Amino acid sequence: MTQETEDLDGLVRKRIRALRVAQGWSLEELAGRANLSQSSLSRIENGQRRLALDQLVTLARALDTSLDQLVETAADDVVISPAVDAAHGRMRWPVKGDPGLSVVRQRLVEPPPDNPARMRAHPGREWLVVLSGTAILMLGHRRFRIETHQAAEFPTMMPHAIGAAGAPCEILGIFDRDARRGHRDEDADDGTKQRPG
């Protein structure tokens, strides 16, 4: 094994352990999610077992990251290009330092619904900052006006919706893993919806 291969091997093992610890998962919890035995996972993390590609793919999926992010080596790769979703007016960037976070920039043109029955609720937390214009954040029956450069943070288990206040506005949102998953699942159900929040 070359020095470069040994360095990558050690880096991947450290990333697996760091991602597991960041999630607050025990060896047993991650092993269950990845369909591995707890002892196999322990040996993978400690360098006592060879890293197999099929196990890395399974572990990356269980850790909600990509195989590319798990094995990347370029320390100078600091520029991230967005994935563009023109149909929803969004740009999304993964946060490499924490694969559980996503950053989304979105242009909003419609006001939010004011009926909580038409709002989303799902596990997680969201944080947003208004880049231009004025946004309206609905949390249940409460209405918050968020001006340019102001920010809001809220738990997404409360019915919520975000929209524009009269004129178009642009927001930058940060979603934790659960909030991102909640929006991804709901967008898959109906790709034609205005993003409530």
# chains A, B, ... in the order shown; residues from 1 in each chain; ligands from 1
>>> closest_atom_pairs(of="range 3-75 of chain A", to="range 97-119 of chain A", cutoff="9 Å", atoms="only C-alpha atoms", output="JSON lines")
{"residue": "A:Leu19", "atom": "CA", "partner": "A:Asp98", "partner_atom": "CA", "distance": 8.2}
{"residue": "A:Ala22", "atom": "CA", "partner": "A:Asp98", "partner_atom": "CA", "distance": 8.7}
{"residue": "A:Gln23", "atom": "CA", "partner": "A:Gly100", "partner_atom": "CA", "distance": 8.8}
{"residue": "A:Leu63", "atom": "CA", "partner": "A:Pro99", "partner_atom": "CA", "distance": 8.5}
{"residue": "A:Asp64", "atom": "CA", "partner": "A:Gly100", "partner_atom": "CA", "distance": 7.0}
{"residue": "A:Thr65", "atom": "CA", "partner": "A:Pro99", "partner_atom": "CA", "distance": 5.7}
{"residue": "A:Ser66", "atom": "CA", "partner": "A:Pro99", "partner_atom": "CA", "distance": 8.6}
{"residue": "A:Gln69", "atom": "CA", "partner": "A:Pro99", "partner_atom": "CA", "distance": 8.4}
>>> write_last_selection(atoms="C-alpha atoms", output="PDB file, in the first residue's frame")
ATOM      1  CA  LEU A  19     -19.929  11.690  10.905  1.00  0.00           C
ATOM      2  CA  ALA A  22     -21.731  14.199  14.847  1.00  0.00           C
ATOM      3  CA  GLN A  23     -25.088  12.437  14.480  1.00  0.00           C
ATOM      4  CA  LEU A  63     -24.561   8.694   7.023  1.00  0.00           C
ATOM      5  CA  ASP A  64     -26.623  10.747   4.514  1.00  0.00           C
ATOM      6  CA  THR A  65     -23.557  11.765   2.515  1.00  0.00           C
ATOM      7  CA  SER A  66     -22.137  10.754  -0.849  1.00  0.00           C
ATOM      8  CA  GLN A  69     -17.655  13.338  -0.085  1.00  0.00           C
TER       9      GLN A  69
END
>>> select_by_dssp(residues="range 29-162 of chain A", states="helix (DSSP H, G or I)", output="number ranges by chain")
A: 29-33, 38-46, 53-62, 67-71, 86-88, 116-118
>>> select_by_dssp(residues="range 32-100 of chain A", states="strand (DSSP E)", output="number ranges by chain")
A: 83-85, 90-94
>>> residues_around(residues="Thr148 in chain A", least_positions_apart="6", cutoff="9 Å", atoms="only C-alpha atoms", output="ChimeraX atom specification")
/A:129-135,169-171
>>> atom_distance(atom1="CA of Gln150 in chain A", atom2="CA of His122 in chain A")
23.8 Å
>>> atom_distance(atom1="CA of Ala83 in chain A", atom2="CA of Trp25 in chain A")
29.3 Å
>>> residues_around(residues="range 10-16 of chain A", least_positions_apart="3", cutoff="8 Å", atoms="only C-alpha atoms", output="ChimeraX atom specification")
/A:6-7,19-20,44-47,59,70-71
>>> closest_atom_pairs(of="range 47-160 of chain A", to="range 34-43 of chain A", cutoff="12 Å", atoms="only C-alpha atoms", output="Markdown table")
| residue | atom | partner | partner_atom | distance |
| --- | --- | --- | --- | --- |
| A:Gly47 | CA | A:Arg43 | CA | 5.9 |
| A:Gln48 | CA | A:Arg43 | CA | 4.7 |
| A:Arg49 | CA | A:Arg43 | CA | 5.2 |
| A:Arg50 | CA | A:Arg43 | CA | 8.6 |
| A:Leu51 | CA | A:Arg43 | CA | 9.7 |
| A:Ala52 | CA | A:Ser40 | CA | 11.5 |
| A:Asp54 | CA | A:Ala34 | CA | 10.7 |
| A:Gln55 | CA | A:Ala34 | CA | 8.1 |
| A:Leu56 | CA | A:Ala34 | CA | 9.6 |
| A:Val57 | CA | A:Ala34 | CA | 9.4 |
| A:Thr58 | CA | A:Ala34 | CA | 5.7 |
| A:Leu59 | CA | A:Ala34 | CA | 5.6 |
| A:Ala60 | CA | A:Ala34 | CA | 8.7 |
| A:Arg61 | CA | A:Ala34 | CA | 7.8 |
| A:Ala62 | CA | A:Ala34 | CA | 5.5 |
| A:Leu63 | CA | A:Ala34 | CA | 8.5 |
| A:Asp64 | CA | A:Ala34 | CA | 10.9 |
